[in-house]
$ cat input_26.cif   # mmCIF, C-alpha atoms and all ligand atoms
data_upload
loop_
_atom_site.label_atom_id
_atom_site.label_comp_id
_atom_site.auth_asym_id
_atom_site.auth_seq_id
_atom_site.Cartn_x
_atom_site.Cartn_y
_atom_site.Cartn_z
CA MET A 1 24.37 116.12 98.63
CA ALA A 2 26.03 115.02 101.86
CA LEU A 3 25.92 111.42 100.61
CA THR A 4 27.45 112.43 97.26
CA GLY A 5 30.27 114.20 99.08
CA PHE A 6 30.85 111.17 101.28
CA VAL A 7 31.04 108.87 98.24
CA LEU A 8 33.48 111.25 96.54
CA VAL A 9 35.73 111.28 99.60
CA LEU A 10 35.57 107.47 99.76
CA SER A 11 36.44 107.21 96.08
CA PHE A 12 39.41 109.53 96.50
CA LEU A 13 40.73 107.69 99.55
CA PHE A 14 40.33 104.34 97.87
CA THR A 15 41.98 105.45 94.66
CA PHE A 16 44.84 106.93 96.65
CA SER A 17 45.36 103.89 98.86
CA VAL A 18 45.15 101.30 96.06
CA PHE A 19 46.88 102.99 93.21
CA SER A 20 49.41 105.24 94.89
CA GLN A 21 52.15 102.76 94.04
CA THR A 22 51.38 102.59 90.31
CA VAL A 23 54.40 104.05 88.60
CA ILE A 24 53.43 104.04 84.93
CA SER A 25 49.93 105.10 83.89
CA TYR A 26 48.10 103.53 80.97
CA ASP A 27 44.72 103.79 79.31
CA ARG A 28 42.43 100.84 79.68
CA PRO A 29 39.95 100.28 76.86
CA PRO A 30 36.30 100.37 77.87
CA ALA A 31 34.97 97.26 79.54
CA ARG A 32 31.49 95.81 79.38
CA GLY A 33 28.97 97.05 81.90
CA THR A 34 28.91 96.01 85.52
CA ILE A 35 26.17 93.61 86.48
CA SER A 36 24.51 93.35 89.86
CA LEU A 37 22.57 90.34 91.04
CA MET A 38 19.93 91.07 93.68
CA ASN A 39 18.76 88.57 96.26
CA ASP A 40 15.68 86.67 95.15
CA GLN A 41 15.65 84.27 98.11
CA ASP A 42 13.69 84.64 101.32
CA SER A 43 15.49 85.74 104.47
CA ILE A 44 16.47 82.27 105.73
CA SER A 45 17.33 80.75 102.35
CA PRO A 46 20.99 80.14 101.63
CA GLN A 47 22.60 82.51 99.16
CA GLN A 48 26.16 83.09 97.93
CA VAL A 49 27.01 79.43 98.52
CA HIS A 50 30.61 78.49 97.85
CA ILE A 51 32.87 75.60 98.84
CA SER A 52 36.59 75.11 99.48
CA VAL A 53 38.68 72.04 100.34
CA VAL A 54 39.89 71.47 103.90
CA GLY A 55 42.63 68.87 104.20
CA GLN A 56 42.50 65.74 102.06
CA ASP A 57 38.88 64.72 102.52
CA LYS A 58 36.79 67.58 103.90
CA MET A 59 34.94 70.51 102.37
CA ARG A 60 34.03 73.89 103.86
CA ILE A 61 30.53 75.05 102.90
CA THR A 62 30.07 78.83 103.21
CA TRP A 63 26.75 80.61 102.71
CA ILE A 64 24.89 83.71 103.80
CA THR A 65 21.34 84.28 105.04
CA GLU A 66 19.68 87.57 105.85
CA ASP A 67 18.20 86.26 109.10
CA GLU A 68 19.58 83.88 111.69
CA THR A 69 19.37 80.19 110.81
CA PRO A 70 21.25 77.14 112.11
CA ALA A 71 24.77 76.61 110.74
CA THR A 72 24.06 73.04 109.69
CA VAL A 73 24.60 71.14 106.46
CA ASP A 74 22.79 67.91 105.58
CA TYR A 75 24.53 65.93 102.89
CA GLY A 76 24.92 62.56 101.21
CA THR A 77 25.59 60.86 97.92
CA THR A 78 21.97 60.58 96.79
CA GLN A 79 19.44 63.29 95.89
CA GLY A 80 17.52 64.55 98.94
CA SER A 81 19.76 62.55 101.25
CA ASN A 82 20.08 63.32 104.97
CA GLU A 83 22.69 60.60 105.36
CA PHE A 84 25.12 62.92 107.19
CA SER A 85 24.85 66.19 109.05
CA ALA A 86 27.45 68.67 110.31
CA THR A 87 27.32 71.87 112.34
CA GLY A 88 29.60 74.89 112.12
CA THR A 89 29.70 78.54 113.10
CA THR A 90 28.04 81.80 112.12
CA SER A 91 29.56 85.28 112.03
CA SER A 92 28.90 88.72 110.61
CA TYR A 93 30.84 91.96 110.19
CA ARG A 94 30.28 95.68 110.06
CA TYR A 95 31.83 98.03 107.54
CA LEU A 96 30.95 101.70 108.02
CA VAL A 97 27.14 101.71 107.98
CA TYR A 98 26.86 98.29 106.31
CA LYS A 99 26.10 95.17 108.34
CA SER A 100 26.62 91.86 106.61
CA GLY A 101 24.15 89.00 106.60
CA GLN A 102 24.72 85.87 108.67
CA ILE A 103 27.84 84.19 107.27
CA HIS A 104 27.69 80.45 107.93
CA ASP A 105 30.70 78.18 107.78
CA VAL A 106 30.44 74.39 108.09
CA VAL A 107 33.17 71.82 107.41
CA ILE A 108 31.80 68.47 106.25
CA GLY A 109 33.46 65.09 105.78
CA PRO A 110 35.26 62.76 105.55
CA LEU A 111 34.30 62.63 101.87
CA LYS A 112 35.21 60.17 99.15
CA PRO A 113 37.33 61.50 96.27
CA ASN A 114 35.87 62.16 92.81
CA THR A 115 32.33 61.73 94.14
CA VAL A 116 29.19 63.82 93.74
CA TYR A 117 27.56 64.91 97.02
CA PHE A 118 24.16 66.56 97.43
CA TYR A 119 23.71 69.08 100.23
CA ARG A 120 21.29 71.51 101.85
CA CYS A 121 22.20 74.45 104.06
CA GLY A 122 20.53 75.64 107.29
CA SER A 123 16.82 75.23 107.75
CA ASP A 124 15.90 75.65 104.07
CA SER A 125 15.10 72.30 102.53
CA GLN A 126 14.05 73.82 99.19
CA ARG A 127 17.44 74.67 97.76
CA GLN A 128 19.52 71.55 97.16
CA PHE A 129 23.06 71.94 95.89
CA SER A 130 25.63 69.43 94.70
CA PHE A 131 29.38 69.33 94.32
CA LYS A 132 32.02 66.93 93.09
CA THR A 133 35.07 66.27 95.24
CA PRO A 134 38.49 66.43 93.53
CA PRO A 135 40.13 63.19 92.42
CA ALA A 136 42.61 61.46 94.76
CA GLY A 137 45.26 61.29 92.04
CA PHE A 138 46.10 62.37 88.48
CA PRO A 139 44.66 63.55 86.23
CA ILE A 140 43.27 66.74 87.78
CA LYS A 141 42.07 69.85 85.96
CA PHE A 142 42.27 73.34 87.44
CA ALA A 143 40.49 76.40 86.10
CA VAL A 144 42.65 79.47 86.73
CA VAL A 145 41.34 83.03 86.58
CA GLY A 146 42.19 86.30 88.32
CA ASP A 147 40.68 89.79 88.58
CA LEU A 148 37.23 88.37 88.00
CA GLY A 149 34.88 91.21 88.94
CA GLN A 150 31.23 91.24 87.99
CA THR A 151 30.59 92.44 84.45
CA GLU A 152 29.14 90.97 81.28
CA TRP A 153 32.70 89.79 80.52
CA THR A 154 32.79 88.03 83.89
CA ASN A 155 29.61 86.18 82.89
CA SER A 156 31.19 85.14 79.62
CA THR A 157 34.31 83.88 81.42
CA LEU A 158 32.23 81.97 83.98
CA GLN A 159 30.20 80.27 81.24
CA HIS A 160 33.40 79.06 79.60
CA ILE A 161 34.83 77.83 82.90
CA ALA A 162 31.57 76.01 83.69
CA ALA A 163 31.85 74.16 80.37
CA SER A 164 35.46 73.13 80.97
CA ASN A 165 34.75 70.14 83.24
CA TYR A 166 37.23 71.40 85.82
CA ASP A 167 37.86 69.91 89.26
CA MET A 168 38.95 73.01 91.20
CA LEU A 169 39.23 76.74 90.58
CA LEU A 170 42.34 78.72 91.55
CA LEU A 171 41.94 82.51 91.79
CA PRO A 172 45.06 84.71 92.21
CA GLY A 173 43.27 87.68 93.75
CA ASP A 174 40.83 90.52 93.02
CA LEU A 175 37.44 88.89 93.38
CA SER A 176 34.42 91.18 93.55
CA TYR A 177 35.73 94.68 92.82
CA ALA A 178 33.37 95.80 95.57
CA ASP A 179 35.80 98.66 96.21
CA LEU A 180 34.28 99.58 99.58
CA ILE A 181 30.64 99.25 98.43
CA GLN A 182 29.80 96.14 100.46
CA PRO A 183 26.55 95.07 98.74
CA ARG A 184 28.75 94.39 95.70
CA TRP A 185 30.34 91.55 97.69
CA ASP A 186 26.84 90.08 98.07
CA SER A 187 26.16 90.50 94.37
CA PHE A 188 29.47 88.82 93.52
CA GLY A 189 28.61 85.92 95.82
CA ARG A 190 25.34 85.40 93.94
CA ILE A 191 27.00 85.64 90.51
CA VAL A 192 29.62 82.98 91.26
CA GLU A 193 27.32 80.67 93.28
CA PRO A 194 26.28 78.43 90.36
CA LEU A 195 29.95 77.48 89.87
CA ALA A 196 31.41 77.99 93.36
CA SER A 197 28.76 75.81 95.01
CA GLN A 198 29.67 72.91 92.70
CA ARG A 199 33.48 72.87 92.70
CA PRO A 200 35.98 74.07 95.31
CA TRP A 201 37.08 77.64 94.70
CA MET A 202 40.49 78.28 96.25
CA VAL A 203 41.44 81.94 96.33
CA THR A 204 44.08 84.35 97.49
CA GLN A 205 43.76 88.09 97.89
CA GLY A 206 44.47 91.06 95.63
CA ASN A 207 44.66 94.80 96.23
CA HIS A 208 40.89 95.16 95.74
CA GLU A 209 40.35 92.99 98.82
CA ILE A 210 42.22 95.37 101.16
CA GLU A 211 39.34 97.85 101.63
CA LYS A 212 41.10 99.81 104.34
CA ILE A 213 40.03 103.46 104.59
CA PRO A 214 42.35 105.82 106.45
CA LEU A 215 40.61 107.19 109.57
CA LEU A 216 37.28 105.47 108.77
CA HIS A 217 37.97 101.72 108.66
CA SER A 218 41.40 100.80 109.98
CA ASP A 219 41.23 97.03 109.41
CA SER A 220 42.27 95.43 106.12
CA PHE A 221 40.57 92.50 104.38
CA THR A 222 37.48 92.66 106.63
CA SER A 223 35.01 91.45 104.03
CA TYR A 224 37.40 89.08 102.25
CA ASN A 225 38.38 87.29 105.46
CA ALA A 226 34.78 87.05 106.66
CA ARG A 227 33.39 85.74 103.37
CA TRP A 228 36.22 83.75 101.82
CA ARG A 229 37.79 81.79 104.65
CA MET A 230 40.42 79.42 103.32
CA PRO A 231 42.05 76.40 105.08
CA PHE A 232 45.05 78.26 106.49
CA GLU A 233 45.31 76.61 109.94
CA GLU A 234 45.65 73.19 108.33
CA SER A 235 48.92 74.28 106.69
CA GLY A 236 50.37 75.84 109.83
CA SER A 237 49.63 79.41 108.72
CA ASP A 238 48.27 81.95 111.19
CA SER A 239 46.64 84.08 108.48
CA ASN A 240 43.86 83.62 105.95
CA LEU A 241 46.07 85.67 103.60
CA TYR A 242 48.56 82.83 102.91
CA TYR A 243 48.20 79.06 103.12
CA SER A 244 48.81 75.84 101.22
CA PHE A 245 47.02 72.58 100.49
CA GLU A 246 47.57 69.36 98.61
CA VAL A 247 45.24 67.94 96.02
CA ALA A 248 45.76 64.93 93.75
CA GLY A 249 49.56 65.11 93.69
CA VAL A 250 49.82 68.92 93.48
CA HIS A 251 51.06 71.14 96.33
CA VAL A 252 49.36 74.53 95.92
CA ILE A 253 50.74 77.57 97.77
CA MET A 254 48.67 80.73 98.03
CA LEU A 255 50.80 83.75 98.91
CA GLY A 256 49.69 87.19 100.06
CA SER A 257 51.04 90.06 97.97
CA TYR A 258 49.45 92.62 100.31
CA THR A 259 50.57 91.34 103.68
CA ASP A 260 54.12 91.46 105.03
CA PHE A 261 56.50 89.27 103.00
CA GLU A 262 59.95 90.54 104.04
CA SER A 263 62.53 87.98 105.22
CA ASP A 264 61.69 88.52 108.89
CA SER A 265 57.93 88.28 108.32
CA ALA A 266 55.59 85.53 109.49
CA GLN A 267 54.65 84.84 105.87
CA TYR A 268 58.27 84.33 104.80
CA MET A 269 58.99 81.98 107.68
CA TRP A 270 55.78 80.08 107.05
CA LEU A 271 56.71 79.71 103.34
CA GLN A 272 60.17 78.40 104.22
CA ALA A 273 58.67 75.81 106.56
CA ASP A 274 55.92 74.86 104.10
CA LEU A 275 58.38 74.30 101.23
CA ALA A 276 60.58 72.19 103.52
CA LYS A 277 57.63 69.89 104.28
CA ILE A 278 56.85 69.04 100.66
CA ASP A 279 57.34 65.41 99.68
CA ARG A 280 57.81 65.32 95.90
CA ASN A 281 56.90 61.64 95.83
CA ARG A 282 53.48 62.54 97.19
CA THR A 283 53.12 65.85 95.32
CA PRO A 284 55.40 65.89 92.25
CA TRP A 285 54.03 69.31 91.23
CA ILE A 286 54.27 72.64 93.10
CA VAL A 287 52.09 75.54 92.03
CA VAL A 288 52.22 79.02 93.60
CA LEU A 289 49.65 81.83 93.31
CA ILE A 290 50.37 85.50 93.94
CA HIS A 291 48.45 88.60 92.92
CA ALA A 292 51.05 91.12 91.73
CA PRO A 293 53.18 89.41 89.03
CA TRP A 294 56.94 89.08 89.46
CA TYR A 295 57.41 88.96 85.68
CA ASN A 296 55.38 91.31 83.52
CA SER A 297 56.06 93.00 80.17
CA ASN A 298 52.80 94.94 80.13
CA THR A 299 53.17 98.67 80.81
CA ALA A 300 50.55 98.31 83.57
CA HIS A 301 51.71 97.87 87.16
CA GLN A 302 55.43 98.22 86.51
CA GLY A 303 57.68 99.03 89.45
CA GLU A 304 55.25 98.19 92.25
CA TYR A 305 56.60 97.19 95.66
CA GLU A 306 54.43 94.06 95.81
CA SER A 307 55.89 92.80 92.53
CA GLU A 308 59.52 93.86 92.71
CA ASP A 309 60.28 93.51 96.40
CA MET A 310 58.34 90.31 96.92
CA LYS A 311 60.27 88.81 93.97
CA LYS A 312 63.58 90.02 95.44
CA VAL A 313 62.79 88.46 98.79
CA MET A 314 61.04 85.20 97.83
CA GLU A 315 62.17 84.17 94.33
CA GLU A 316 65.20 82.28 95.60
CA LEU A 317 63.03 80.24 97.97
CA LEU A 318 60.68 79.18 95.16
CA TYR A 319 63.58 78.42 92.83
CA GLY A 320 65.37 76.35 95.48
CA ALA A 321 62.21 74.31 96.05
CA ARG A 322 61.81 73.79 92.28
CA VAL A 323 58.36 75.34 92.07
CA ASP A 324 56.86 74.46 88.68
CA ILE A 325 54.45 77.33 87.97
CA VAL A 326 53.65 80.75 89.41
CA PHE A 327 50.21 82.16 88.53
CA ALA A 328 49.56 85.87 89.06
CA GLY A 329 46.79 88.36 88.36
CA HIS A 330 46.67 92.17 88.78
CA VAL A 331 47.56 92.99 85.16
CA HIS A 332 44.34 92.72 83.16
CA ALA A 333 45.73 90.67 80.34
CA TYR A 334 47.35 87.29 79.63
CA GLU A 335 51.08 86.64 79.50
CA ARG A 336 53.11 83.43 79.61
CA PHE A 337 56.84 83.40 80.33
CA THR A 338 59.27 80.56 79.87
CA ASN A 339 60.98 78.85 82.84
CA VAL A 340 62.78 81.73 84.47
CA TYR A 341 64.89 82.69 87.48
CA ASP A 342 66.48 86.04 88.31
CA GLY A 343 65.27 87.54 85.05
CA LYS A 344 66.89 84.91 82.86
CA VAL A 345 65.87 81.68 81.15
CA ASP A 346 66.47 78.82 83.59
CA GLY A 347 65.16 75.32 82.96
CA CYS A 348 64.73 74.70 86.68
CA GLY A 349 62.89 77.94 87.41
CA PRO A 350 59.09 78.26 87.42
CA VAL A 351 56.99 79.16 84.41
CA HIS A 352 55.33 82.50 85.26
CA ILE A 353 51.82 83.14 83.95
CA THR A 354 49.74 86.30 84.35
CA ILE A 355 46.03 85.48 84.15
CA GLY A 356 44.41 88.69 85.40
CA ASP A 357 41.90 88.76 82.55
CA GLY A 358 38.74 87.46 84.22
CA GLY A 359 36.56 90.38 83.14
CA ASN A 360 36.44 93.13 85.75
CA ARG A 361 35.02 96.62 85.20
CA GLU A 362 38.39 98.36 84.87
CA GLY A 363 38.95 96.89 81.42
CA LEU A 364 42.07 95.52 79.75
CA ALA A 365 45.71 96.53 80.05
CA SER A 366 46.57 96.65 76.39
CA LYS A 367 49.97 98.34 76.17
CA TYR A 368 53.13 96.28 76.19
CA ILE A 369 56.79 97.12 76.57
CA ASP A 370 58.61 97.00 73.24
CA PRO A 371 60.48 95.00 72.22
CA LYS A 372 59.04 91.90 73.84
CA PRO A 373 61.56 90.44 76.31
CA GLU A 374 63.03 87.12 75.23
CA ILE A 375 61.62 85.38 78.32
CA SER A 376 58.01 86.35 77.42
CA LEU A 377 56.58 83.73 75.06
CA PHE A 378 52.96 84.84 74.60
CA ARG A 379 51.13 88.01 75.59
CA GLU A 380 47.73 89.34 74.70
CA ALA A 381 45.25 91.76 76.27
CA SER A 382 41.95 89.88 75.98
CA PHE A 383 39.53 88.60 78.59
CA GLY A 384 39.64 84.86 79.23
CA HIS A 385 40.69 82.10 81.62
CA GLY A 386 43.24 79.29 81.89
CA GLN A 387 42.99 75.53 82.19
CA PHE A 388 45.84 73.65 83.85
CA GLU A 389 45.47 69.89 83.57
CA VAL A 390 48.03 67.80 85.39
CA VAL A 391 48.05 64.55 83.48
CA ASN A 392 50.57 62.62 85.59
CA ALA A 393 53.64 63.12 87.78
CA SER A 394 55.70 64.42 84.89
CA HIS A 395 53.40 66.11 82.36
CA ALA A 396 50.70 68.74 82.34
CA THR A 397 48.97 70.92 79.76
CA TRP A 398 48.28 74.62 80.04
CA GLU A 399 45.67 76.28 77.86
CA TRP A 400 44.62 79.91 77.71
CA HIS A 401 41.06 80.41 76.47
CA ARG A 402 40.21 83.83 75.13
CA ASN A 403 36.63 85.20 75.28
CA ASP A 404 36.48 85.80 71.57
CA ASP A 405 33.11 87.39 70.74
CA ASP A 406 31.74 85.34 73.64
CA GLN A 407 33.19 82.12 72.25
CA SER A 408 35.84 80.30 74.26
CA ILE A 409 38.80 80.07 71.88
CA MET A 410 41.95 78.24 72.90
CA ALA A 411 44.56 80.81 71.91
CA ASP A 412 47.68 79.47 73.64
CA THR A 413 48.62 75.96 74.72
CA VAL A 414 51.79 74.28 75.92
CA TRP A 415 52.93 71.00 77.45
CA LEU A 416 54.76 71.45 80.75
CA LYS A 417 57.15 69.00 82.40
CA SER A 418 57.53 68.83 86.19
CA HIS A 419 60.92 69.70 87.68
CA SER A 420 60.70 66.61 89.91
CA SER A 421 60.82 64.43 86.78
CA ASN A 422 63.85 66.26 85.39
CA PRO A 423 67.15 64.82 86.67
CA ALA A 424 68.88 68.13 85.85
CA CYS A 425 66.69 69.89 88.43
CA LYS A 426 67.27 67.49 91.31
CA MET A 427 67.94 69.42 94.51
FE FE B 501 44.93 93.90 91.33
#
$ encode --input "input_26.cif" --output "structure tokens"
Amino acid sequence: MALTGFVLVLSFLFTFSVFSQTVISYDRPPARGTISLMNDQDSISPQQVHISVVGQDKMRITWITEDETPATVDYGTTQGSNEFSATGTTSSYRYLVYKSGQIHDVVIGPLKPNTVYFYRCGSDSQRQFSFKTPPAGFPIKFAVVGDLGQTEWTNSTLQHIAASNYDMLLLPGDLSYADLIQPRWDSFGRIVEPLASQRPWMVTQGNHEIEKIPLLHSDSFTSYNARWRMPFEESGSDSNLYYSFEVAGVHVIMLGSYTDFESDSAQYMWLQADLAKIDRNRTPWIVVLIHAPWYNSNTAHQGEYESEDMKKVMEELLYGARVDIVFAGHVHAYERFTNVYDGKVDGCGPVHITIGDGGNREGLASKYIDPKPEISLFREASFGHGQFEVVNASHATWEWHRNDDDQSIMADTVWLKSHSSNPACKM
């Protein structure tokens, strides 16, 4: 009874802290059931393995063990190879009564581009993993999916992404939907491992990563920062909540919708400096990820501070730098806007895409504002994922794949042209 009461209080506090800024309510249709993947490894075997790029030629390997093991990775380009070895660090965290496993973090490299590496983690020689490094130049294919969660729909989405032959995954926030229940982070790590151990998964945070509980847990992003460390120092950022990196001619900026973004904030100043450093000869494309969309014609999540005020403060910076695309999540549906700036069609503004339809347990946001705004070109409330393939310095394709009765159906596609190749958009 005491436990039930405690869970109820937690649920209330969480609901209040996360959704207090939702202005318009809406009914989400029922989602498929939540899945939970238990640990079937022994206590020193690596689990929840995922990788992320660090600089041009290194990879961070992150995994968890129940018991202490060395933070070492053996790797090479042939099966069973011990050609190279690297050592990193181990950490853990506490959240209320939960204590995490041993979270290991090892950066390996230098690595060759577009090359398959085999690797083993810690002292377990049984589980061998492999990944492919991204290409050094075009073409490069990104899978893009937000608000992923861990349901039967998530599984469907992941199967389609796995079959897409992608080079790197970009996730604009809301990963596990653990929502304070920390073992769900472990389950999520196991569910995504088959994909996230094979290709770099580059993520930014959403509101479900905050996990701050008034009076009980005063820190934000405790689990997210411990488990999903991204290469922020390498881009001059002092926070795991915003960073940038370059891959194959694309400059990718991950912004934090739920950390300070006002014009006197560290994030704003970092963004200004990061945009100023971009060399369009080296990276003709600029892609930005946020969680709360700046453009949205769904009735869900209208009028939120993280959408409206962040747009007010930062849109001019992105427009001035000729950012090509802004991907967002948060709204559990798909929507593609035209090139836009300050609410109007503008050929030199970014294309805004909401891709918050990964498959989480809250279901879809199926109500739209009528009539459809002129700047919104395609909108649909279905689960799915996106594929962004940058073909060369000037052209890329965007595809949205809907999970149609568990089949991956390409429902929307468009050719995009980079602003750097458009003389009319020269700065
Ligand atoms: Fe969200």
$ closest_residue --input "input_26.cif" --among "A:Val326, A:Ala71, A:Val287, A:Ala292" --to "ligand FE 501 (chain B)" --atoms "all atoms listed in the file"
A:Ala292
$ closest_atom_pairs --input "input_26.cif" --of "chain A" --to "ligand FE 501 (chain B)" --cutoff "8 Å" --atoms "only C-alpha atoms and all ligand atoms" --output "JSON lines"
{"residue": "A:Asp147", "atom": "CA", "partner": "B:FE501", "partner_atom": "FE", "distance": 6.5}
{"residue": "A:Gly173", "atom": "CA", "partner": "B:FE501", "partner_atom": "FE", "distance": 6.9}
{"residue": "A:Asp174", "atom": "CA", "partner": "B:FE501", "partner_atom": "FE", "distance": 5.6}
{"residue": "A:Gly206", "atom": "CA", "partner": "B:FE501", "partner_atom": "FE", "distance": 5.2}
{"residue": "A:Asn207", "atom": "CA", "partner": "B:FE501", "partner_atom": "FE", "distance": 5.0}
{"residue": "A:His208", "atom": "CA", "partner": "B:FE501", "partner_atom": "FE", "distance": 6.1}
{"residue": "A:His291", "atom": "CA", "partner": "B:FE501", "partner_atom": "FE", "distance": 6.6}
{"residue": "A:Ala292", "atom": "CA", "partner": "B:FE501", "partner_atom": "FE", "distance": 6.7}
{"residue": "A:Gly329", "atom": "CA", "partner": "B:FE501", "partner_atom": "FE", "distance": 6.6}
{"residue": "A:His330", "atom": "CA", "partner": "B:FE501", "partner_atom": "FE", "distance": 3.5}
{"residue": "A:Val331", "atom": "CA", "partner": "B:FE501", "partner_atom": "FE", "distance": 6.8}
{"residue": "A:Gly356", "atom": "CA", "partner": "B:FE501", "partner_atom": "FE", "distance": 7.9}
$ atom_distance --input "input_26.cif" --atom1 "atom CA of A:Phe142" --atom2 "atom CA of A:Asp405"
23.7 Å
$ atom_distance --input "input_26.cif" --atom1 "atom CA of A:Ser123" --atom2 "atom CA of A:Pro46"
8.9 Å
$ closest_residue --input "input_26.cif" --among "A:Leu275, A:Ile369, A:Ile353, A:Met202" --to "A:Phe232" --atoms "all atoms listed in the file"
A:Met202
$ residues_around --input "input_26.cif" --residues "A:Asp404" --least-positions-apart "4" --cutoff "9 Å" --atoms "only C-alpha atoms" --output "PyMOL selection string"
chain A and resi 382-384+408-409
$ residues_around --input "input_26.cif" --residues "A:Asp67" --least-positions-apart "3" --cutoff "9 Å" --atoms "all atoms listed in the file" --output "CSV table (one decimal) with C-alpha atoms, keeping the file's coordinate frame"
chain,number,residue,atom,x,y,z
A,43,SER,CA,15.5,85.7,104.5
A,44,ILE,CA,16.5,82.3,105.7
A,45,SER,CA,17.3,80.8,102.4
A,64,ILE,CA,24.9,83.7,103.8
A,101,GLY,CA,24.2,89.0,106.6
A,102,GLN,CA,24.7,85.9,108.7
$ atom_distance --input "input_26.cif" --atom1 "atom CA of A:Arg60" --atom2 "atom CA of A:Asp238"
17.9 Å
$ residues_around --input "input_26.cif" --residues "A:Ser263" --least-positions-apart "4" --cutoff "10 Å" --atoms "only C-alpha atoms" --output "MDAnalysis selection string"
chainID A and resid 267:269 272 310 313:314
$ closest_residue --input "input_26.cif" --among "A:His385, A:Lys212, A:Lys58, A:Arg32" --to "A:Gly109" --atoms "only C-alpha atoms"
A:Lys58
$ closest_residue --input "input_26.cif" --among "A:Ala300, A:Met410, A:Ile290, A:Ala321" --to "A:Asp274" --atoms "only C-alpha atoms"
A:Ala321
$ residues_near_point --input "input_26.cif" --point "(36.3, 73.3, 80.1)" --cutoff "12 Å" --atoms "all atoms listed in the file" --output "ChimeraX atom specification"
/A:141-144,157-169,385-389,399-401,408-410
$ write_last_selection --input "input_26.cif" --atoms "C-alpha atoms" --output "PDB file, in the coordinates of the input"
ATOM      1  CA  LYS A 141      42.070  69.850  85.960  1.00  0.00           C
ATOM      2  CA  PHE A 142      42.270  73.340  87.440  1.00  0.00           C
ATOM      3  CA  ALA A 143      40.490  76.400  86.100  1.00  0.00           C
ATOM      4  CA  VAL A 144      42.650  79.470  86.730  1.00  0.00           C
ATOM      5  CA  THR A 157      34.310  83.880  81.420  1.00  0.00           C
ATOM      6  CA  LEU A 158      32.230  81.970  83.980  1.00  0.00           C
ATOM      7  CA  GLN A 159      30.200  80.270  81.240  1.00  0.00           C
ATOM      8  CA  HIS A 160      33.400  79.060  79.600  1.00  0.00           C
ATOM      9  CA  ILE A 161      34.830  77.830  82.900  1.00  0.00           C
ATOM     10  CA  ALA A 162      31.570  76.010  83.690  1.00  0.00           C
ATOM     11  CA  ALA A 163      31.850  74.160  80.370  1.00  0.00           C
ATOM     12  CA  SER A 164      35.460  73.130  80.970  1.00  0.00           C
ATOM     13  CA  ASN A 165      34.750  70.140  83.240  1.00  0.00           C
ATOM     14  CA  TYR A 166      37.230  71.400  85.820  1.00  0.00           C
ATOM     15  CA  ASP A 167      37.860  69.910  89.260  1.00  0.00           C
ATOM     16  CA  MET A 168      38.950  73.010  91.200  1.00  0.00           C
ATOM     17  CA  LEU A 169      39.230  76.740  90.580  1.00  0.00           C
ATOM     18  CA  HIS A 385      40.690  82.100  81.620  1.00  0.00           C
ATOM     19  CA  GLY A 386      43.240  79.290  81.890  1.00  0.00           C
ATOM     20  CA  GLN A 387      42.990  75.530  82.190  1.00  0.00           C
ATOM     21  CA  PHE A 388      45.840  73.650  83.850  1.00  0.00           C
ATOM     22  CA  GLU A 389      45.470  69.890  83.570  1.00  0.00           C
ATOM     23  CA  GLU A 399      45.670  76.280  77.860  1.00  0.00           C
ATOM     24  CA  TRP A 400      44.620  79.910  77.710  1.00  0.00           C
ATOM     25  CA  HIS A 401      41.060  80.410  76.470  1.00  0.00           C
ATOM     26  CA  SER A 408      35.840  80.300  74.260  1.00  0.00           C
ATOM     27  CA  ILE A 409      38.800  80.070  71.880  1.00  0.00           C
ATOM     28  CA  MET A 410      41.950  78.240  72.900  1.00  0.00           C
TER      29      MET A 410
END
$ residues_around --input "input_26.cif" --residues "A:Ser297" --least-positions-apart "4" --cutoff "9 Å" --atoms "only C-alpha atoms" --output "compact mmCIF listing (two decimals) with C-alpha atoms, in the coordinates of the input"
# COMPACT_ATOMS: atom_id res chain seq x y z
CA GLN A 302 55.43 98.22 86.51
CA GLU A 335 51.08 86.64 79.50
CA TYR A 368 53.13 96.28 76.19
CA ILE A 369 56.79 97.12 76.57
CA ASP A 370 58.61 97.00 73.24
CA LYS A 372 59.04 91.90 73.84
CA PRO A 373 61.56 90.44 76.31
CA SER A 376 58.01 86.35 77.42
CA ARG A 379 51.13 88.01 75.59
$ closest_residue --input "input_26.cif" --among "A:Trp270, A:Phe138, A:Tyr334, A:Tyr117" --to "A:Phe84" --atoms "all atoms listed in the file"
A:Tyr117
